[in-house]
$ cat target-v6.cif   # mmCIF, C-alpha atoms
data_entry
loop_
_atom_site.label_atom_id
_atom_site.label_comp_id
_atom_site.auth_asym_id
_atom_site.auth_seq_id
_atom_site.Cartn_x
_atom_site.Cartn_y
_atom_site.Cartn_z
CA MET A 12 0.00 0.00 0.00
CA SER A 13 1.28 3.46 -0.85
CA TRP A 14 1.44 6.23 1.76
CA ARG A 15 -1.18 8.14 -0.23
CA ASP A 16 -3.46 5.10 0.01
CA ARG A 17 -2.75 4.86 3.74
CA LEU A 18 -3.75 8.51 4.19
CA ALA A 19 -7.00 7.85 2.30
CA GLU A 20 -7.66 4.75 4.42
CA LEU A 21 -7.29 6.91 7.55
CA GLY A 22 -9.55 9.60 6.07
CA ILE A 23 -6.70 12.13 6.11
CA GLU A 24 -6.34 14.67 3.34
CA LEU A 25 -3.13 16.64 3.07
CA PRO A 26 -3.73 20.39 3.00
CA PRO A 27 -2.28 22.67 0.32
CA VAL A 28 1.34 23.63 0.96
CA ALA A 29 1.36 26.73 3.18
CA THR A 30 2.77 29.89 1.65
CA PRO A 31 5.98 30.83 3.47
CA ALA A 32 5.67 33.83 5.79
CA GLY A 33 9.24 34.96 5.03
CA SER A 34 12.28 34.45 2.83
CA TYR A 35 12.41 30.64 2.79
CA VAL A 36 10.89 27.61 1.07
CA PRO A 37 8.53 25.03 2.64
CA ALA A 38 10.98 22.14 2.22
CA VAL A 39 14.46 21.40 0.89
CA ARG A 40 15.95 18.12 -0.26
CA THR A 41 19.62 17.29 0.16
CA GLY A 42 20.64 13.78 -0.83
CA SER A 43 18.09 11.38 0.61
CA LEU A 44 16.80 13.78 3.26
CA VAL A 45 14.01 16.35 3.15
CA PHE A 46 13.98 19.08 5.78
CA THR A 47 10.77 21.04 6.23
CA ALA A 48 10.53 24.59 7.42
CA GLY A 49 8.76 24.99 10.74
CA GLN A 50 5.04 24.57 10.13
CA ILE A 51 2.43 26.39 12.18
CA PRO A 52 -1.24 25.45 12.71
CA LEU A 53 -2.75 26.90 9.56
CA VAL A 54 -6.12 25.54 8.45
CA ASP A 55 -7.45 26.76 5.10
CA GLY A 56 -4.81 29.49 5.15
CA ALA A 57 -5.86 30.89 8.54
CA LEU A 58 -4.34 30.49 12.00
CA ALA A 59 -6.22 27.80 13.92
CA ALA A 60 -5.28 29.37 17.28
CA THR A 61 -2.97 31.79 19.03
CA GLY A 62 -1.82 31.94 22.62
CA LYS A 63 0.41 30.16 25.08
CA VAL A 64 -0.04 26.57 26.14
CA GLY A 65 -0.87 26.32 29.81
CA SER A 66 -2.79 29.59 29.89
CA GLU A 67 -4.86 30.51 26.80
CA ILE A 68 -4.48 27.09 25.11
CA SER A 69 -5.06 23.77 26.86
CA PRO A 70 -2.47 21.01 26.46
CA GLU A 71 -5.11 18.87 24.74
CA GLU A 72 -5.92 21.60 22.21
CA ALA A 73 -2.21 22.17 21.64
CA GLN A 74 -1.75 18.45 20.95
CA GLN A 75 -4.37 18.68 18.19
CA LEU A 76 -2.66 21.80 16.82
CA ALA A 77 0.65 19.89 16.71
CA ARG A 78 -1.14 17.30 14.59
CA VAL A 79 -2.22 20.08 12.20
CA CYS A 80 1.39 21.29 12.04
CA ALA A 81 2.58 17.78 11.17
CA LEU A 82 -0.02 17.55 8.39
CA ASN A 83 1.24 20.86 7.03
CA ALA A 84 4.80 19.52 7.16
CA LEU A 85 3.75 16.38 5.29
CA ALA A 86 2.10 18.61 2.68
CA ALA A 87 5.44 20.40 2.24
CA VAL A 88 7.18 17.03 1.74
CA ASP A 89 4.47 15.96 -0.70
CA GLY A 90 4.79 19.22 -2.62
CA LEU A 91 8.53 18.74 -3.02
CA VAL A 92 9.00 15.01 -3.67
CA GLY A 93 5.60 13.30 -3.32
CA ILE A 94 4.47 11.58 -0.15
CA ASP A 95 5.09 8.12 -1.61
CA ALA A 96 8.83 8.87 -1.79
CA VAL A 97 9.05 8.83 2.03
CA VAL A 98 11.16 5.96 3.33
CA ARG A 99 10.97 6.93 6.99
CA VAL A 100 10.54 9.83 9.37
CA VAL A 101 13.95 10.63 10.86
CA LYS A 102 13.34 13.52 13.27
CA VAL A 103 10.61 15.77 14.60
CA VAL A 104 11.28 19.08 16.31
CA GLY A 105 8.36 20.67 18.12
CA PHE A 106 8.31 24.14 19.62
CA VAL A 107 5.65 24.96 22.21
CA ALA A 108 4.90 28.56 23.25
CA SER A 109 4.63 27.88 26.96
CA ALA A 110 3.07 29.80 29.81
CA GLU A 111 5.33 30.21 32.82
CA GLY A 112 5.60 26.91 34.65
CA PHE A 113 4.20 24.77 31.82
CA THR A 114 6.33 21.64 31.42
CA GLY A 115 4.11 19.39 29.29
CA GLN A 116 5.85 20.02 25.96
CA PRO A 117 6.45 16.30 25.25
CA ALA A 118 2.72 15.51 25.52
CA VAL A 119 1.88 18.42 23.19
CA VAL A 120 4.34 17.28 20.53
CA ASN A 121 2.90 13.76 20.80
CA GLY A 122 0.13 15.13 18.59
CA ALA A 123 2.62 15.30 15.71
CA SER A 124 4.44 12.08 16.62
CA ASP A 125 1.25 10.05 16.95
CA LEU A 126 0.02 11.22 13.54
CA LEU A 127 3.31 10.18 11.92
CA THR A 128 3.21 6.68 13.41
CA GLU A 129 -0.48 6.41 12.47
CA VAL A 130 0.39 7.13 8.84
CA PHE A 131 3.80 5.49 8.46
CA GLY A 132 3.69 2.74 11.09
CA GLU A 133 7.16 1.60 12.14
CA GLN A 134 8.70 3.89 9.49
CA GLY A 135 7.12 6.79 11.37
CA LEU A 136 9.08 6.17 14.57
CA HIS A 137 11.58 9.00 14.94
CA ALA A 138 14.02 10.91 17.10
CA ARG A 139 12.47 14.05 18.60
CA SER A 140 12.93 17.28 20.48
CA ALA A 141 10.05 19.05 22.27
CA VAL A 142 11.12 22.55 23.24
CA GLY A 143 9.30 25.14 25.35
CA VAL A 144 9.72 28.71 24.10
CA ALA A 145 8.52 32.13 25.17
CA GLU A 146 7.00 33.13 21.81
CA LEU A 147 6.42 31.71 18.33
CA PRO A 148 5.77 33.48 15.01
CA LEU A 149 2.35 35.15 14.73
CA GLY A 150 1.59 34.18 18.33
CA VAL A 151 0.89 30.52 17.53
CA PRO A 152 1.07 27.97 20.33
CA VAL A 153 3.01 25.28 18.46
CA GLU A 154 5.35 24.82 15.50
CA VAL A 155 6.65 21.55 14.06
CA GLU A 156 9.42 20.70 11.61
CA LEU A 157 10.32 17.32 10.11
CA VAL A 158 13.31 15.55 8.65
CA VAL A 159 12.34 12.60 6.46
CA GLU A 160 14.36 10.14 4.43
CA VAL A 161 13.16 9.75 0.86
CA ALA A 162 13.87 7.32 -1.97
#

$ encode --input "target-v6.cif" --output "structure tokens"
Amino acid sequence: MSWRDRLAELGIELPPVATPAGSYVPAVRTGSLVFTAGQIPLVDGALAATGKVGSEISPEEAQQLARVCALNALAAVDGLVGIDAVVRVVKVVGFVASAEGFTGQPAVVNGASDLLTEVFGEQGLHARSAVGVAELPLGVPVEVELVVEVA
């Protein structure tokens, strides 16, 4: 089964590739690796939420937003090389705009990680960093970037 078929089986549709908000591209390939730019929770071109996790945004909502970010990152991969070229997910980096005292960043970034293992199975298992930050671009609560190996 292709990854595109797996997405369809799960009822997941990749969004259009988000337009960069600065002087960069959504994804770059070097050798057998694709690196995505940090993806924020855009849905239909609009921010899904703003605010800090642990105050304005609940950890559970942030986890769903991390899933949206991962979908946007997969769309960037698909736009560059096609989703079926993915061999495995290598690394996920998740940034969480955190209210003072919030330490649940790993659970938030699980939203992205769980989506990737849902789609890619064992090939979706990856190394990861989940980082708490004071602010993110446009005031979003979460940002996710991927490194994937491609054929």

$ closest_atom_pairs --input "target-v6.cif" --of "range 43-123 of chain A" --to "range 29-39 of chain A" --cutoff "12 Å" --atoms "only C-alpha atoms" --output "tab-separated table"
residue	atom	partner	partner_atom	distance
A:Ser43	CA	A:Val39	CA	10.7
A:Leu44	CA	A:Val39	CA	8.3
A:Val45	CA	A:Val39	CA	5.6
A:Phe46	CA	A:Val39	CA	5.4
A:Thr47	CA	A:Ala38	CA	4.2
A:Ala48	CA	A:Pro37	CA	5.2
A:Gly49	CA	A:Pro37	CA	8.1
A:Gln50	CA	A:Ala29	CA	8.2
A:Ile51	CA	A:Ala29	CA	9.1
A:Pro52	CA	A:Ala29	CA	10.0
A:Leu53	CA	A:Ala29	CA	7.6
A:Val54	CA	A:Ala29	CA	9.2
A:Asp55	CA	A:Ala29	CA	9.0
A:Gly56	CA	A:Ala29	CA	7.0
A:Ala57	CA	A:Ala29	CA	9.9
A:Leu58	CA	A:Ala29	CA	11.2
A:Val79	CA	A:Ala29	CA	11.8
A:Cys80	CA	A:Ala29	CA	10.4
A:Leu82	CA	A:Ala29	CA	10.6
A:Asn83	CA	A:Ala29	CA	7.0
A:Ala84	CA	A:Pro37	CA	8.0
A:Leu85	CA	A:Ala38	CA	9.7
A:Ala86	CA	A:Ala29	CA	8.2
A:Ala87	CA	A:Pro37	CA	5.6
A:Val88	CA	A:Ala38	CA	6.4
A:Asp89	CA	A:Ala38	CA	9.4
A:Gly90	CA	A:Ala38	CA	8.4
A:Leu91	CA	A:Ala38	CA	6.7
A:Val92	CA	A:Ala38	CA	9.5
A:Gly93	CA	A:Ala38	CA	11.7

$ residues_around --input "target-v6.cif" --residues "Glu154 in chain A" --least-positions-apart "3" --cutoff "12 Å" --atoms "only C-alpha atoms" --output "number ranges by chain"
A: 47-53, 58, 60-61, 73-84, 103-109, 116, 119-120, 122-123, 140-144, 146-151, 157

$ write_last_selection --input "target-v6.cif" --atoms "C-alpha atoms" --output "mmCIF file, in the coordinates of the input"
data_model
loop_
_atom_site.group_PDB
_atom_site.id
_atom_site.type_symbol
_atom_site.label_atom_id
_atom_site.label_comp_id
_atom_site.auth_asym_id
_atom_site.auth_seq_id
_atom_site.Cartn_x
_atom_site.Cartn_y
_atom_site.Cartn_z
ATOM 1 C CA THR A 47 10.770 21.040 6.230
ATOM 2 C CA ALA A 48 10.530 24.590 7.420
ATOM 3 C CA GLY A 49 8.760 24.990 10.740
ATOM 4 C CA GLN A 50 5.040 24.570 10.130
ATOM 5 C CA ILE A 51 2.430 26.390 12.180
ATOM 6 C CA PRO A 52 -1.240 25.450 12.710
ATOM 7 C CA LEU A 53 -2.750 26.900 9.560
ATOM 8 C CA LEU A 58 -4.340 30.490 12.000
ATOM 9 C CA ALA A 60 -5.280 29.370 17.280
ATOM 10 C CA THR A 61 -2.970 31.790 19.030
ATOM 11 C CA ALA A 73 -2.210 22.170 21.640
ATOM 12 C CA GLN A 74 -1.750 18.450 20.950
ATOM 13 C CA GLN A 75 -4.370 18.680 18.190
ATOM 14 C CA LEU A 76 -2.660 21.800 16.820
ATOM 15 C CA ALA A 77 0.650 19.890 16.710
ATOM 16 C CA ARG A 78 -1.140 17.300 14.590
ATOM 17 C CA VAL A 79 -2.220 20.080 12.200
ATOM 18 C CA CYS A 80 1.390 21.290 12.040
ATOM 19 C CA ALA A 81 2.580 17.780 11.170
ATOM 20 C CA LEU A 82 -0.020 17.550 8.390
ATOM 21 C CA ASN A 83 1.240 20.860 7.030
ATOM 22 C CA ALA A 84 4.800 19.520 7.160
ATOM 23 C CA VAL A 103 10.610 15.770 14.600
ATOM 24 C CA VAL A 104 11.280 19.080 16.310
ATOM 25 C CA GLY A 105 8.360 20.670 18.120
ATOM 26 C CA PHE A 106 8.310 24.140 19.620
ATOM 27 C CA VAL A 107 5.650 24.960 22.210
ATOM 28 C CA ALA A 108 4.900 28.560 23.250
ATOM 29 C CA SER A 109 4.630 27.880 26.960
ATOM 30 C CA GLN A 116 5.850 20.020 25.960
ATOM 31 C CA VAL A 119 1.880 18.420 23.190
ATOM 32 C CA VAL A 120 4.340 17.280 20.530
ATOM 33 C CA GLY A 122 0.130 15.130 18.590
ATOM 34 C CA ALA A 123 2.620 15.300 15.710
ATOM 35 C CA SER A 140 12.930 17.280 20.480
ATOM 36 C CA ALA A 141 10.050 19.050 22.270
ATOM 37 C CA VAL A 142 11.120 22.550 23.240
ATOM 38 C CA GLY A 143 9.300 25.140 25.350
ATOM 39 C CA VAL A 144 9.720 28.710 24.100
ATOM 40 C CA GLU A 146 7.000 33.130 21.810
ATOM 41 C CA LEU A 147 6.420 31.710 18.330
ATOM 42 C CA PRO A 148 5.770 33.480 15.010
ATOM 43 C CA LEU A 149 2.350 35.150 14.730
ATOM 44 C CA GLY A 150 1.590 34.180 18.330
ATOM 45 C CA VAL A 151 0.890 30.520 17.530
ATOM 46 C CA LEU A 157 10.320 17.320 10.110
#

$ closest_residue --input "target-v6.cif" --among "A:Ala118, A:Val101, A:Leu126, A:Val161" --to "Arg139 in chain A" --atoms "all atoms listed in the file"
A:Val101

$ closest_residue --input "target-v6.cif" --among "A:Val98, A:Ala110, A:Val155, A:Ala162" --to "Gln134 in chain A" --atoms "all atoms listed in the file"
A:Val98

$ atom_distance --input "target-v6.cif" --atom1 "CA of Val159 in chain A" --atom2 "CA of Arg99 in chain A"
5.9 Å

$ resolve_selection --input "target-v6.cif" --expression "the PyMOL selection byres ((chain A and resi 18) around 12)" --output "PyMOL selection string"
chain A and resi 12-17+19-26+82+85-86+94-95+126-132

$ write_last_selection --input "target-v6.cif" --atoms "C-alpha atoms" --output "short mmCIF file (atom, residue, chain, number, x, y, z; two decimals), keeping the file's coordinate frame"
data_model
loop_
_atom_site.label_atom_id
_atom_site.label_comp_id
_atom_site.auth_asym_id
_atom_site.auth_seq_id
_atom_site.Cartn_x
_atom_site.Cartn_y
_atom_site.Cartn_z
CA MET A 12 0.00 0.00 0.00
CA SER A 13 1.28 3.46 -0.85
CA TRP A 14 1.44 6.23 1.76
CA ARG A 15 -1.18 8.14 -0.23
CA ASP A 16 -3.46 5.10 0.01
CA ARG A 17 -2.75 4.86 3.74
CA ALA A 19 -7.00 7.85 2.30
CA GLU A 20 -7.66 4.75 4.42
CA LEU A 21 -7.29 6.91 7.55
CA GLY A 22 -9.55 9.60 6.07
CA ILE A 23 -6.70 12.13 6.11
CA GLU A 24 -6.34 14.67 3.34
CA LEU A 25 -3.13 16.64 3.07
CA PRO A 26 -3.73 20.39 3.00
CA LEU A 82 -0.02 17.55 8.39
CA LEU A 85 3.75 16.38 5.29
CA ALA A 86 2.10 18.61 2.68
CA ILE A 94 4.47 11.58 -0.15
CA ASP A 95 5.09 8.12 -1.61
CA LEU A 126 0.02 11.22 13.54
CA LEU A 127 3.31 10.18 11.92
CA THR A 128 3.21 6.68 13.41
CA GLU A 129 -0.48 6.41 12.47
CA VAL A 130 0.39 7.13 8.84
CA PHE A 131 3.80 5.49 8.46
CA GLY A 132 3.69 2.74 11.09
#

$ atom_distance --input "target-v6.cif" --atom1 "CA of Ser124 in chain A" --atom2 "CA of Val158 in chain A"
12.4 Å

$ decode --input "target-v6.cif" --residues "range 26-37 of chain A" --atoms "all heavy atoms" --output "tab-separated table (two decimals), in the first residue's frame"
chain	number	residue	atom	x	y	z
A	26	PRO	N	-3.33	19.04	3.38
A	26	PRO	CA	-3.73	20.39	3.00
A	26	PRO	C	-2.83	20.91	1.88
A	26	PRO	O	-1.78	20.31	1.60
A	26	PRO	CB	-3.53	21.20	4.28
A	26	PRO	CG	-2.43	20.47	5.00
A	26	PRO	CD	-2.62	19.01	4.67
A	27	PRO	N	-3.21	22.03	1.26
A	27	PRO	CA	-2.28	22.67	0.32
A	27	PRO	C	-1.02	23.10	1.07
A	27	PRO	O	-1.07	23.36	2.28
A	27	PRO	CB	-3.05	23.89	-0.19
A	27	PRO	CG	-4.46	23.66	0.19
A	27	PRO	CD	-4.47	22.74	1.37
A	28	VAL	N	0.09	23.18	0.35
A	28	VAL	CA	1.34	23.63	0.96
A	28	VAL	C	1.16	25.09	1.39
A	28	VAL	O	0.71	25.93	0.60
A	28	VAL	CB	2.52	23.50	-0.02
A	28	VAL	CG1	3.81	24.01	0.62
A	28	VAL	CG2	2.67	22.05	-0.47
A	29	ALA	N	1.51	25.37	2.64
A	29	ALA	CA	1.36	26.73	3.18
A	29	ALA	C	2.36	27.67	2.49
A	29	ALA	O	3.51	27.30	2.25
A	29	ALA	CB	1.61	26.72	4.68
A	30	THR	N	1.90	28.86	2.21
A	30	THR	CA	2.77	29.89	1.65
A	30	THR	C	3.73	30.35	2.74
A	30	THR	O	3.29	30.70	3.84
A	30	THR	CB	1.93	31.08	1.15
A	30	THR	OG1	1.01	30.60	0.17
A	30	THR	CG2	2.82	32.16	0.55
A	31	PRO	N	5.02	30.38	2.45
A	31	PRO	CA	5.98	30.83	3.47
A	31	PRO	C	5.69	32.26	3.92
A	31	PRO	O	5.29	33.11	3.13
A	31	PRO	CB	7.33	30.76	2.75
A	31	PRO	CG	7.12	29.72	1.69
A	31	PRO	CD	5.70	29.91	1.25
A	32	ALA	N	5.91	32.51	5.21
A	32	ALA	CA	5.67	33.83	5.79
A	32	ALA	C	6.93	34.69	5.78
A	32	ALA	O	6.97	35.74	6.38
A	32	ALA	CB	5.17	33.67	7.23
A	33	GLY	N	7.97	34.22	5.08
A	33	GLY	CA	9.24	34.96	5.03
A	33	GLY	C	10.06	34.51	3.84
A	33	GLY	O	9.55	33.91	2.90
A	34	SER	N	11.35	34.75	3.92
A	34	SER	CA	12.28	34.45	2.83
A	34	SER	C	12.83	33.04	2.98
A	34	SER	O	14.00	32.84	3.34
A	34	SER	CB	13.41	35.47	2.83
A	34	SER	OG	12.90	36.76	2.64
A	35	TYR	N	12.01	32.05	2.71
A	35	TYR	CA	12.41	30.64	2.79
A	35	TYR	C	11.45	29.82	1.95
A	35	TYR	O	10.46	30.33	1.43
A	35	TYR	CB	12.42	30.15	4.24
A	35	TYR	CG	11.07	30.23	4.93
A	35	TYR	CD1	10.19	29.17	4.89
A	35	TYR	CD2	10.69	31.37	5.62
A	35	TYR	CE1	8.94	29.24	5.51
A	35	TYR	CE2	9.45	31.45	6.25
A	35	TYR	CZ	8.59	30.38	6.18
A	35	TYR	OH	7.36	30.45	6.79
A	36	VAL	N	11.76	28.53	1.80
A	36	VAL	CA	10.89	27.61	1.07
A	36	VAL	C	10.31	26.60	2.05
A	36	VAL	O	10.87	26.38	3.13
A	36	VAL	CB	11.65	26.90	-0.08
A	36	VAL	CG1	12.08	27.90	-1.15
A	36	VAL	CG2	12.86	26.14	0.45
A	37	PRO	N	9.17	25.97	1.71
A	37	PRO	CA	8.53	25.03	2.64
A	37	PRO	C	9.36	23.79	2.97
A	37	PRO	O	9.27	23.24	4.06
A	37	PRO	CB	7.24	24.65	1.93
A	37	PRO	CG	6.98	25.75	0.95
A	37	PRO	CD	8.33	26.25	0.55
